[in-house]
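Participant: Sharing entry.pdb, PDB, C-alpha atoms:
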```
ATOM      1  CA  MET A   1     115.670 101.057  90.057
ATOM      2  CA  SER A   2     114.171 101.786  86.635
ATOM      3  CA  ASN A   3     111.533  99.072  87.169
ATOM      4  CA  TYR A   4     110.357 100.667  90.419
ATOM      5  CA  GLN A   5     107.878 103.502  90.792
ATOM      6  CA  GLN A   6     108.407 105.912  93.684
ATOM      7  CA  ILE A   7     105.716 106.059  96.347
ATOM      8  CA  ASN A   8     105.196 108.272  99.395
ATOM      9  CA  LEU A   9     104.240 106.247 102.445
ATOM     10  CA  GLU A  10     102.377 109.263 103.798
ATOM     11  CA  ASP A  11      99.697 108.205 101.313
ATOM     12  CA  TYR A  12      99.455 104.814 103.086
ATOM     13  CA  PHE A  13      98.841 103.388 106.540
ATOM     14  CA  GLN A  14     100.581 100.316 107.943
ATOM     15  CA  SER A  15      98.183  97.393 107.776
ATOM     16  CA  GLY A  16     100.273  94.325 108.546
ATOM     17  CA  GLU A  17     103.658  92.762 109.188
ATOM     18  CA  GLY A  18     105.483  89.564 108.380
ATOM     19  CA  GLY A  19     108.845  87.916 108.777
ATOM     20  CA  GLN A  20     110.643  90.070 106.176
ATOM     21  CA  ALA A  21     108.210  92.805 105.237
ATOM     22  CA  LEU A  22     105.624  95.342 106.359
ATOM     23  CA  THR A  23     102.435  96.005 104.437
ATOM     24  CA  TYR A  24     100.861  99.390 103.832
ATOM     25  CA  THR A  25      97.409 100.082 102.390
ATOM     26  CA  ARG A  26      96.755 103.196 100.341
ATOM     27  CA  LYS A  27      94.454 105.571 102.176
ATOM     28  CA  ASP A  28      92.148 105.600  99.158
ATOM     29  CA  GLY A  29      91.961 101.779  99.337
ATOM     30  CA  SER A  30      93.247 101.280  95.786
ATOM     31  CA  ALA A  31      96.278  99.079  96.530
ATOM     32  CA  MET A  32      98.423  97.437  99.202
ATOM     33  CA  ALA A  33     102.206  97.844  99.193
ATOM     34  CA  LYS A  34     104.379  95.059 100.586
ATOM     35  CA  MET A  35     107.690  96.705 101.547
ATOM     36  CA  PHE A  36     110.599  94.411 102.332
ATOM     37  CA  GLU A  37     113.018  95.126 105.171
ATOM     38  CA  HIS A  38     116.076  97.343 104.710
ATOM     39  CA  GLY A  39     119.004  95.526 103.146
ATOM     40  CA  LEU A  40     116.910  92.948 101.284
ATOM     41  CA  GLY A  41     117.952  93.209  97.655
ATOM     42  CA  SER A  42     115.684  94.038  94.763
ATOM     43  CA  GLU A  43     116.241  90.564  93.253
ATOM     44  CA  THR A  44     114.163  88.953  96.014
ATOM     45  CA  VAL A  45     111.359  91.475  95.541
ATOM     46  CA  GLU A  46     111.341  91.109  91.768
ATOM     47  CA  ARG A  47     111.341  87.315  91.968
ATOM     48  CA  GLU A  48     108.315  87.293  94.278
ATOM     49  CA  PHE A  49     106.498  89.785  92.061
ATOM     50  CA  ARG A  50     107.255  87.776  88.909
ATOM     51  CA  ILE A  51     106.201  84.492  90.520
ATOM     52  CA  SER A  52     103.043  86.084  91.964
ATOM     53  CA  MET A  53     102.081  87.313  88.508
ATOM     54  CA  ALA A  54     102.604  83.826  87.080
ATOM     55  CA  VAL A  55     100.498  82.288  89.880
ATOM     56  CA  TYR A  56      97.732  84.827  89.232
ATOM     57  CA  GLU A  57      97.822  84.135  85.488
ATOM     58  CA  ASN A  58      97.687  80.393  86.211
ATOM     59  CA  GLY A  59      94.233  80.941  87.754
ATOM     60  CA  ILE A  60      95.274  80.192  91.327
ATOM     61  CA  PRO A  61      93.432  82.577  93.709
ATOM     62  CA  CYS A  62      95.794  85.300  94.925
ATOM     63  CA  PRO A  63      95.748  89.109  95.050
ATOM     64  CA  LYS A  64      96.515  90.597  91.633
ATOM     65  CA  PRO A  65     100.081  92.002  91.400
ATOM     66  CA  ILE A  66     100.091  95.624  90.208
ATOM     67  CA  ARG A  67     103.583  97.169  90.126
ATOM     68  CA  LEU A  68     107.042  97.293  91.700
ATOM     69  CA  VAL A  69     107.515 100.239  94.077
ATOM     70  CA  THR A  70     110.114 101.879  96.326
ATOM     71  CA  ASP A  71     109.965 104.476  99.070
ATOM     72  CA  GLY A  72     113.553 105.470  98.282
ATOM     73  CA  GLN A  73     115.057 103.096 100.843
ATOM     74  CA  ARG A  74     113.127  99.850 100.635
ATOM     75  CA  PHE A  75     111.940  97.802  97.686
ATOM     76  CA  GLY A  76     108.456  96.353  97.413
ATOM     77  CA  ALA A  77     105.425  95.734  95.259
ATOM     78  CA  GLU A  78     101.799  96.770  95.164
ATOM     79  CA  TYR A  79      98.980  94.259  95.077
ATOM     80  CA  GLU A  80      95.223  94.285  94.818
ATOM     81  CA  VAL A  81      93.475  95.060  98.096
ATOM     82  CA  ILE A  82      91.224  92.266  99.347
ATOM     83  CA  ALA A  83      88.587  94.164 101.326
ATOM     84  CA  ASN A  84      87.749  92.899 104.811
ATOM     85  CA  LYS A  85      90.423  90.212 104.595
ATOM     86  CA  ARG A  86      91.893  88.335 107.528
ATOM     87  CA  SER A  87      94.445  85.554 107.569
ATOM     88  CA  TYR A  88      93.399  82.156 108.854
ATOM     89  CA  THR A  89      95.869  82.452 111.699
ATOM     90  CA  ARG A  90      94.495  85.859 112.717
ATOM     91  CA  ILE A  91      90.957  84.459 112.772
ATOM     92  CA  ILE A  92      92.016  81.449 114.852
ATOM     93  CA  SER A  93      93.882  83.675 117.320
ATOM     94  CA  GLU A  94      90.795  85.864 117.785
ATOM     95  CA  GLU A  95      88.168  83.116 117.512
ATOM     96  CA  PRO A  96      89.645  79.865 118.889
ATOM     97  CA  GLU A  97      86.493  77.937 118.005
ATOM     98  CA  GLN A  98      87.464  78.392 114.338
ATOM     99  CA  LEU A  99      90.591  76.231 114.728
ATOM    100  CA  GLU A 100      88.972  73.007 113.556
ATOM    101  CA  PRO A 101      86.809  74.265 110.650
ATOM    102  CA  LEU A 102      89.545  76.513 109.257
ATOM    103  CA  THR A 103      92.211  73.812 109.576
ATOM    104  CA  ILE A 104      89.983  71.365 107.696
ATOM    105  CA  LYS A 105      89.340  73.972 105.015
ATOM    106  CA  PHE A 106      93.054  74.754 104.801
ATOM    107  CA  ALA A 107      93.754  71.053 104.242
ATOM    108  CA  GLN A 108      91.163  70.949 101.450
ATOM    109  CA  LEU A 109      92.587  74.045  99.766
ATOM    110  CA  GLY A 110      96.076  72.582 100.073
ATOM    111  CA  LYS A 111      95.004  69.329  98.414
ATOM    112  CA  LYS A 112      93.411  71.307  95.588
ATOM    113  CA  LEU A 113      96.612  73.328  95.096
ATOM    114  CA  HIS A 114      98.756  70.191  95.215
ATOM    115  CA  SER A 115      96.647  68.547  92.503
ATOM    116  CA  THR A 116      97.026  71.522  90.152
ATOM    117  CA  PRO A 117      99.553  70.953  87.328
ATOM    118  CA  ALA A 118     102.344  73.531  87.387
ATOM    119  CA  ASN A 119     103.742  75.368  84.391
ATOM    120  CA  THR A 120     107.270  73.974  84.619
ATOM    121  CA  ASP A 121     108.511  76.542  82.089
ATOM    122  CA  VAL A 122     107.699  79.279  84.601
ATOM    123  CA  PHE A 123     107.909  77.765  88.077
ATOM    124  CA  PRO A 124     111.069  76.130  89.454
ATOM    125  CA  ASP A 125     111.516  72.593  90.763
ATOM    126  CA  MET A 126     111.611  72.828  94.567
ATOM    127  CA  LYS A 127     114.560  70.445  94.634
ATOM    128  CA  GLU A 128     116.594  72.805  92.485
ATOM    129  CA  VAL A 129     115.543  75.826  94.564
ATOM    130  CA  ILE A 130     116.916  74.169  97.682
ATOM    131  CA  ARG A 131     120.046  72.575  96.209
ATOM    132  CA  PRO A 132     122.278  75.687  95.769
ATOM    133  CA  TRP A 133     121.559  76.883  99.307
ATOM    134  CA  ILE A 134     122.765  73.587 100.719
ATOM    135  CA  GLN A 135     125.779  73.552  98.396
ATOM    136  CA  LYS A 136     127.046  77.045  99.221
ATOM    137  CA  SER A 137     125.988  77.610 102.823
ATOM    138  CA  THR A 138     128.630  78.050 105.501
ATOM    139  CA  CYS A 139     125.896  77.401 108.115
ATOM    140  CA  ILE A 140     126.125  73.643 107.531
ATOM    141  CA  SER A 141     128.887  71.239 108.538
ATOM    142  CA  GLU A 142     130.356  69.179 105.696
ATOM    143  CA  PRO A 143     129.043  65.814 106.951
ATOM    144  CA  LEU A 144     125.523  67.217 107.203
ATOM    145  CA  ARG A 145     125.827  68.908 103.795
ATOM    146  CA  THR A 146     126.744  65.578 102.210
ATOM    147  CA  ARG A 147     123.811  63.878 103.911
ATOM    148  CA  LEU A 148     121.310  66.562 102.946
ATOM    149  CA  LEU A 149     122.361  66.533  99.287
ATOM    150  CA  ALA A 150     122.133  62.733  99.128
ATOM    151  CA  THR A 151     118.657  62.897 100.663
ATOM    152  CA  LEU A 152     117.613  65.615  98.193
ATOM    153  CA  ASP A 153     118.705  63.431  95.277
ATOM    154  CA  SER A 154     116.614  60.533  96.588
ATOM    155  CA  ILE A 155     113.340  62.501  96.566
ATOM    156  CA  PRO A 156     111.020  61.758  93.631
ATOM    157  CA  SER A 157     109.934  64.593  91.351
ATOM    158  CA  SER A 158     106.368  65.749  90.795
ATOM    159  CA  LYS A 159     105.002  68.467  88.490
ATOM    160  CA  THR A 160     102.179  69.777  90.647
ATOM    161  CA  CYS A 161     101.989  73.158  92.358
ATOM    162  CA  LEU A 162     103.574  73.945  95.719
ATOM    163  CA  HIS A 163     103.105  77.108  97.740
ATOM    164  CA  GLY A 164     106.624  76.913  99.151
ATOM    165  CA  ASP A 165     105.738  78.710 102.398
ATOM    166  CA  PHE A 166     102.606  76.725 103.150
ATOM    167  CA  HIS A 167     101.028  77.700 106.471
ATOM    168  CA  ILE A 168      97.856  79.325 107.823
ATOM    169  CA  GLY A 169      99.468  82.755 107.923
ATOM    170  CA  ASN A 170      99.742  82.712 104.131
ATOM    171  CA  ILE A 171      96.103  82.278 103.262
ATOM    172  CA  ILE A 172      93.564  85.074 103.664
ATOM    173  CA  THR A 173      89.803  85.248 103.319
ATOM    174  CA  ASN A 174      87.149  87.922 103.009
ATOM    175  CA  GLY A 175      84.521  85.460 104.203
ATOM    176  CA  GLU A 176      83.508  84.550 100.667
ATOM    177  CA  LYS A 177      86.746  83.684  98.874
ATOM    178  CA  ASP A 178      90.188  82.484  99.959
ATOM    179  CA  TYR A 179      93.484  83.769  98.548
ATOM    180  CA  TRP A 180      97.080  82.531  98.750
ATOM    181  CA  ILE A 181      99.670  85.209  99.628
ATOM    182  CA  ASP A 182     103.484  85.455 100.042
ATOM    183  CA  LEU A 183     104.221  83.496  96.890
ATOM    184  CA  GLY A 184     107.959  84.100  96.511
ATOM    185  CA  ASP A 185     108.830  80.408  97.038
ATOM    186  CA  PHE A 186     106.061  79.031  94.789
ATOM    187  CA  ALA A 187     107.388  76.013  92.895
ATOM    188  CA  TYR A 188     106.494  72.509  91.791
ATOM    189  CA  GLY A 189     107.257  69.165  93.374
ATOM    190  CA  ALA A 190     106.002  66.583  95.846
ATOM    191  CA  PRO A 191     103.247  67.843  98.204
ATOM    192  CA  GLU A 192     105.348  66.655 101.136
ATOM    193  CA  TRP A 193     107.496  69.779 100.706
ATOM    194  CA  ASP A 194     104.542  71.917 101.792
ATOM    195  CA  LEU A 195     103.256  69.592 104.507
ATOM    196  CA  SER A 196     106.720  69.255 106.038
ATOM    197  CA  MET A 197     106.836  73.025 106.560
ATOM    198  CA  ASN A 198     104.069  72.774 109.139
ATOM    199  CA  PHE A 199     105.584  69.696 110.751
ATOM    200  CA  TYR A 200     108.945  71.294 111.430
ATOM    201  CA  LEU A 201     107.281  74.540 112.555
ATOM    202  CA  ALA A 202     105.374  72.538 115.152
ATOM    203  CA  CYS A 203     108.639  70.901 116.236
ATOM    204  CA  TYR A 204     110.986  73.860 116.121
ATOM    205  CA  MET A 205     109.271  77.226 116.604
ATOM    206  CA  SER A 206     109.920  79.067 119.866
ATOM    207  CA  PRO A 207     106.924  80.513 121.753
ATOM    208  CA  GLU A 208     108.123  84.051 120.946
ATOM    209  CA  TYR A 209     108.469  83.403 117.221
ATOM    210  CA  MET A 210     105.184  81.488 117.146
ATOM    211  CA  ASP A 211     103.393  84.429 118.711
ATOM    212  CA  ASN A 212     105.057  86.919 116.361
ATOM    213  CA  LEU A 213     104.349  84.965 113.186
ATOM    214  CA  PHE A 214     101.055  83.226 113.970
ATOM    215  CA  HIS A 215      99.664  84.996 117.064
ATOM    216  CA  LEU A 216      99.291  81.493 118.530
ATOM    217  CA  ASP A 217     100.964  79.541 121.301
ATOM    218  CA  PRO A 218     102.875  76.343 120.413
ATOM    219  CA  ALA A 219     100.203  74.062 121.901
ATOM    220  CA  THR A 220      97.513  75.595 119.674
ATOM    221  CA  PHE A 221      99.707  75.238 116.596
ATOM    222  CA  ARG A 222     100.329  71.593 117.443
ATOM    223  CA  ARG A 223      96.577  71.026 117.696
ATOM    224  CA  HIS A 224      96.319  72.683 114.295
ATOM    225  CA  TRP A 225      98.998  70.333 112.970
ATOM    226  CA  ASN A 226      97.249  67.239 114.316
ATOM    227  CA  LEU A 227      93.989  68.306 112.638
ATOM    228  CA  LEU A 228      95.799  69.225 109.427
ATOM    229  CA  VAL A 229      97.597  65.921 108.962
ATOM    230  CA  GLN A 230      94.462  63.953 109.864
ATOM    231  CA  SER A 231      92.297  65.910 107.429
ATOM    232  CA  TYR A 232      94.811  66.121 104.588
ATOM    233  CA  TYR A 233      95.649  62.417 104.627
ATOM    234  CA  GLY A 234      92.253  61.183 105.800
ATOM    235  CA  VAL A 235      93.717  59.260 108.742
ATOM    236  CA  GLN A 236      91.879  58.493 111.969
ATOM    237  CA  THR A 237      94.271  56.707 114.299
ATOM    238  CA  LEU A 238      97.419  57.972 115.999
ATOM    239  CA  GLU A 239      99.367  55.141 114.406
ATOM    240  CA  GLU A 240      98.272  56.285 110.939
ATOM    241  CA  GLN A 241      99.164  59.868 111.767
ATOM    242  CA  ARG A 242     102.642  58.904 112.944
ATOM    243  CA  SER A 243     103.171  56.988 109.689
ATOM    244  CA  CYS A 244     102.288  60.115 107.695
ATOM    245  CA  GLU A 245     104.601  62.229 109.842
ATOM    246  CA  LYS A 246     107.439  59.760 109.313
ATOM    247  CA  SER A 247     107.119  60.234 105.558
ATOM    248  CA  LEU A 248     107.703  63.981 106.041
ATOM    249  CA  LEU A 249     110.896  63.779 108.086
ATOM    250  CA  LYS A 250     113.455  64.043 105.284
ATOM    251  CA  TYR A 251     111.515  66.904 103.688
ATOM    252  CA  SER A 252     111.444  68.675 107.053
ATOM    253  CA  ALA A 253     115.223  68.443 107.402
ATOM    254  CA  LEU A 254     115.755  69.951 103.963
ATOM    255  CA  LYS A 255     113.175  72.711 104.368
ATOM    256  CA  LEU A 256     114.510  73.556 107.812
ATOM    257  CA  PHE A 257     117.962  74.264 106.475
ATOM    258  CA  PHE A 258     116.724  75.941 103.304
ATOM    259  CA  ASN A 259     114.720  78.459 105.330
ATOM    260  CA  PHE A 260     117.500  78.945 107.878
ATOM    261  CA  CYS A 261     120.180  79.449 105.228
ATOM    262  CA  LYS A 262     118.021  81.790 103.158
ATOM    263  CA  ARG A 263     117.217  83.886 106.234
ATOM    264  CA  HIS A 264     120.950  84.215 107.001
ATOM    265  CA  ASN A 265     122.015  84.459 103.341
ATOM    266  CA  GLY A 266     123.882  81.193 103.761
ATOM    267  CA  GLN A 267     126.459  82.744 106.069
ATOM    268  CA  GLY A 268     127.507  81.968 109.626
ATOM    269  CA  GLU A 269     128.752  79.140 111.797
ATOM    270  CA  PRO A 270     126.826  75.845 111.909
ATOM    271  CA  SER A 271     124.125  75.844 114.565
ATOM    272  CA  PRO A 272     124.371  72.776 116.842
ATOM    273  CA  LYS A 273     120.664  73.039 117.700
ATOM    274  CA  LEU A 274     119.544  73.128 114.077
ATOM    275  CA  GLU A 275     122.016  70.469 113.048
ATOM    276  CA  GLY A 276     120.759  68.235 115.833
ATOM    277  CA  LEU A 277     117.168  68.655 114.726
ATOM    278  CA  ALA A 278     118.052  68.015 111.077
ATOM    279  CA  GLN A 279     120.049  64.919 112.026
ATOM    280  CA  ALA A 280     117.086  63.663 114.040
ATOM    281  CA  PHE A 281     114.766  64.142 111.061
ATOM    282  CA  LEU A 282     117.179  62.421 108.693
ATOM    283  CA  SER A 283     117.547  59.510 111.106
ATOM    284  CA  GLY A 284     113.777  59.064 111.236
ATOM    285  CA  MET A 285     113.405  60.303 114.787
ATOM    286  CA  ALA A 286     110.699  62.949 115.174
ATOM    287  CA  PRO A 287     110.966  65.096 118.314
ATOM    288  CA  GLY A 288     108.684  63.700 121.006
ATOM    289  CA  ILE A 289     106.538  66.786 121.519
ATOM    290  CA  PHE A 290     103.152  65.589 120.364
TER     291      PHE A 290
END
```
Any chance you could give the structure as structure tokens?
Facilitator:
Amino acid sequence: MSNYQQINLEDYFQSGEGGQALTYTRKDGSAMAKMFEHGLGSETVEREFRISMAVYENGIPCPKPIRLVTDGQRFGAEYEVIANKRSYTRIISEEPEQLEPLTIKFAQLGKKLHSTPANTDVFPDMKEVIRPWIQKSTCISEPLRTRLLATLDSIPSSKTCLHGDFHIGNIITNGEKDYWIDLGDFAYGAPEWDLSMNFYLACYMSPEYMDNLFHLDPATFRRHWNLLVQSYYGVQTLEEQRSCEKSLLKYSALKLFFNFCKRHNGQGEPSPKLEGLAQAFLSGMAPGIF
């Protein structure tokens, strides 16, 4: 607790929400506090803060980290306020005509990020971030664990930047400049790690979760995915798109279980639905939803 400065949330107003945290902006506009949900340990908060600072110092556009804070019950961190900011997904939900231009811009920003060399002394290898979760999780059957680890070992390494939670909810804009946010899983590795996140979201997300996280319906997110893969890879035909998607399948299986296990702290019985989807990805069979 010695690293955390006490704050009074009466000095703030709630300004946003995410999967594991709520955000509060100081009433004087000087900072935004991201407060993680009850029960989430300080290690997670401190890791995200440390990584965010390293990303900021690496010159990648993101809100400047300020300090670690607590309200006495929850842990969090304060960041620079980006005035008049909106996430890409919020804009698309409110202005559907922005789907295509913002998706194309998102693809361009992703390619720029994925061509940026990472400081490997600071950022972790995505493969080694994922490995211990697969090794220790009780959410995975032993045959699937063996298969996932073998697939992880087969993936080539790369030393370029990855967001780690790469989707249109994690990029904001004030209309003049774009910023990456939610950087706790920032790492280095093959760009397919980031692209696969969107692919499995399009395959797996329920309408309720899609609305909660992106304020979009599944059909709109799938249109976003189609535009994203076409723009990112520069493909024009459906056959070319399917070839790109096929290259993402093994990454999708690994990211699917990494995110699931992390969300459940690696505990619980194996989920037949998730195992079935992961097995389908590993077997090279994408769900026929597009």
Participant: For Lys159 of chain A, find every residue with an atom within 9 Å (counting all atoms listed in the file), except residues of its own chain fewer than 4 positions away, and show them as a short mmCIF file (atom, residue, chain, number, x, y, z; two decimals) with C-alpha atoms, in the coordinates of the input.
Facilitator:
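Dumped to result36.cif:
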```
data_model
loop_
_atom_site.label_atom_id
_atom_site.label_comp_id
_atom_site.auth_asym_id
_atom_site.auth_seq_id
_atom_site.Cartn_x
_atom_site.Cartn_y
_atom_site.Cartn_z
CA THR A 116 97.03 71.52 90.15
CA PRO A 117 99.55 70.95 87.33
CA ALA A 118 102.34 73.53 87.39
CA ASN A 119 103.74 75.37 84.39
CA THR A 120 107.27 73.97 84.62
CA ASP A 125 111.52 72.59 90.76
CA TYR A 188 106.49 72.51 91.79
CA GLY A 189 107.26 69.17 93.37
CA ALA A 190 106.00 66.58 95.85
#
```
Participant: For His114 of chain A, please output as a list in words all residues within 7 Å (counting only C-alpha atoms; exclusion window: fewer than 2 positions along the same chain).
Facilitator: Gly110, Lys111, Lys112, Thr116, Thr160, Cys161, Leu162 and Pro191 of chain A
Participant: Can you turn the PyMOL selection byres ((chain A and resi 257) around 9) into a concrete residue list for this file, as a list of chain:residue names?
Facilitator: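 This file gives the following for the PyMOL selection byres ((chain A and resi 257) around 9): A:Ile130, A:Trp133, A:Ile134, A:Cys139, A:Ile140, A:Ser252, A:Ala253, A:Leu254, A:Lys255, A:Leu256, A:Phe258, A:Asn259, A:Phe260, A:Cys261, A:Lys262, A:Leu274, A:Glu275, A:Ala278.
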Participant: Would you list the residues near (92.2, 92.9, 103.0) (no more than 10 Å away, in the coordinates of the file, using only C-alpha atoms) as an mmCIF file with C-alpha atoms, keeping the file's coordinate frame?
Facilitator:
```cif
data_model
loop_
_atom_site.group_PDB
_atom_site.id
_atom_site.type_symbol
_atom_site.label_atom_id
_atom_site.label_comp_id
_atom_site.auth_asym_id
_atom_site.auth_seq_id
_atom_site.Cartn_x
_atom_site.Cartn_y
_atom_site.Cartn_z
ATOM 1 C CA SER A 15 98.183 97.393 107.776
ATOM 2 C CA GLY A 16 100.273 94.325 108.546
ATOM 3 C CA THR A 25 97.409 100.082 102.390
ATOM 4 C CA GLY A 29 91.961 101.779 99.337
ATOM 5 C CA ALA A 31 96.278 99.079 96.530
ATOM 6 C CA MET A 32 98.423 97.437 99.202
ATOM 7 C CA PRO A 63 95.748 89.109 95.050
ATOM 8 C CA GLU A 80 95.223 94.285 94.818
ATOM 9 C CA VAL A 81 93.475 95.060 98.096
ATOM 10 C CA ILE A 82 91.224 92.266 99.347
ATOM 11 C CA ALA A 83 88.587 94.164 101.326
ATOM 12 C CA ASN A 84 87.749 92.899 104.811
ATOM 13 C CA LYS A 85 90.423 90.212 104.595
ATOM 14 C CA ARG A 86 91.893 88.335 107.528
ATOM 15 C CA SER A 87 94.445 85.554 107.569
ATOM 16 C CA ILE A 172 93.564 85.074 103.664
ATOM 17 C CA THR A 173 89.803 85.248 103.319
ATOM 18 C CA ASN A 174 87.149 87.922 103.009
#
```
Participant: Would you list the contacts of Ser247 of chain A as a ChimeraX atom specification, taking every protein, DNA or RNA residue within 12 Å and counting only C-alpha atoms, but skipping same-chain residues closer than 4 positions in sequence?
Facilitator: /A:155,190-193,195-196,199,229,233,240-243,251-253,281-286
Participant: Can you fill out segment 33-45 of chain A with N, CA, C and O atoms and hand it back as a compact mmCIF listing (two decimals), in the frame of the given file?
Facilitator:
```txt
# COMPACT_ATOMS: atom_id res chain seq x y z
N ALA A 33 100.78 97.95 99.49
CA ALA A 33 102.21 97.84 99.19
C ALA A 33 102.88 96.93 100.22
O ALA A 33 102.74 97.15 101.42
N LYS A 34 103.58 95.94 99.72
CA LYS A 34 104.38 95.06 100.59
C LYS A 34 105.82 95.52 100.47
O LYS A 34 106.46 95.36 99.43
N MET A 35 106.35 96.13 101.55
CA MET A 35 107.69 96.70 101.55
C MET A 35 108.63 95.81 102.35
O MET A 35 108.41 95.58 103.55
N PHE A 36 109.67 95.32 101.68
CA PHE A 36 110.60 94.41 102.33
C PHE A 36 111.58 95.18 103.21
O PHE A 36 111.83 96.37 103.01
N GLU A 37 112.16 94.49 104.18
CA GLU A 37 113.02 95.13 105.17
C GLU A 37 114.27 95.71 104.52
O GLU A 37 114.69 95.30 103.43
N HIS A 38 114.86 96.70 105.19
CA HIS A 38 116.08 97.34 104.71
C HIS A 38 117.16 96.29 104.50
O HIS A 38 117.33 95.38 105.30
N GLY A 39 117.90 96.43 103.41
CA GLY A 39 119.00 95.53 103.15
C GLY A 39 118.63 94.33 102.29
O GLY A 39 119.51 93.63 101.79
N LEU A 40 117.33 94.07 102.13
CA LEU A 40 116.91 92.95 101.28
C LEU A 40 116.94 93.42 99.84
O LEU A 40 116.27 94.39 99.47
N GLY A 41 117.72 92.76 99.01
CA GLY A 41 117.95 93.21 97.66
C GLY A 41 116.72 93.18 96.76
O GLY A 41 115.75 92.47 97.02
N SER A 42 116.80 93.94 95.70
CA SER A 42 115.68 94.04 94.76
C SER A 42 115.42 92.71 94.06
O SER A 42 114.30 92.46 93.61
N GLU A 43 116.43 91.84 93.94
CA GLU A 43 116.24 90.56 93.25
C GLU A 43 115.16 89.73 93.93
O GLU A 43 114.35 89.09 93.26
N THR A 44 115.17 89.72 95.27
CA THR A 44 114.16 88.95 96.01
C THR A 44 112.77 89.50 95.75
O THR A 44 111.81 88.74 95.54
N VAL A 45 112.65 90.83 95.77
CA VAL A 45 111.36 91.48 95.54
C VAL A 45 110.85 91.17 94.13
O VAL A 45 109.69 90.82 93.93
```
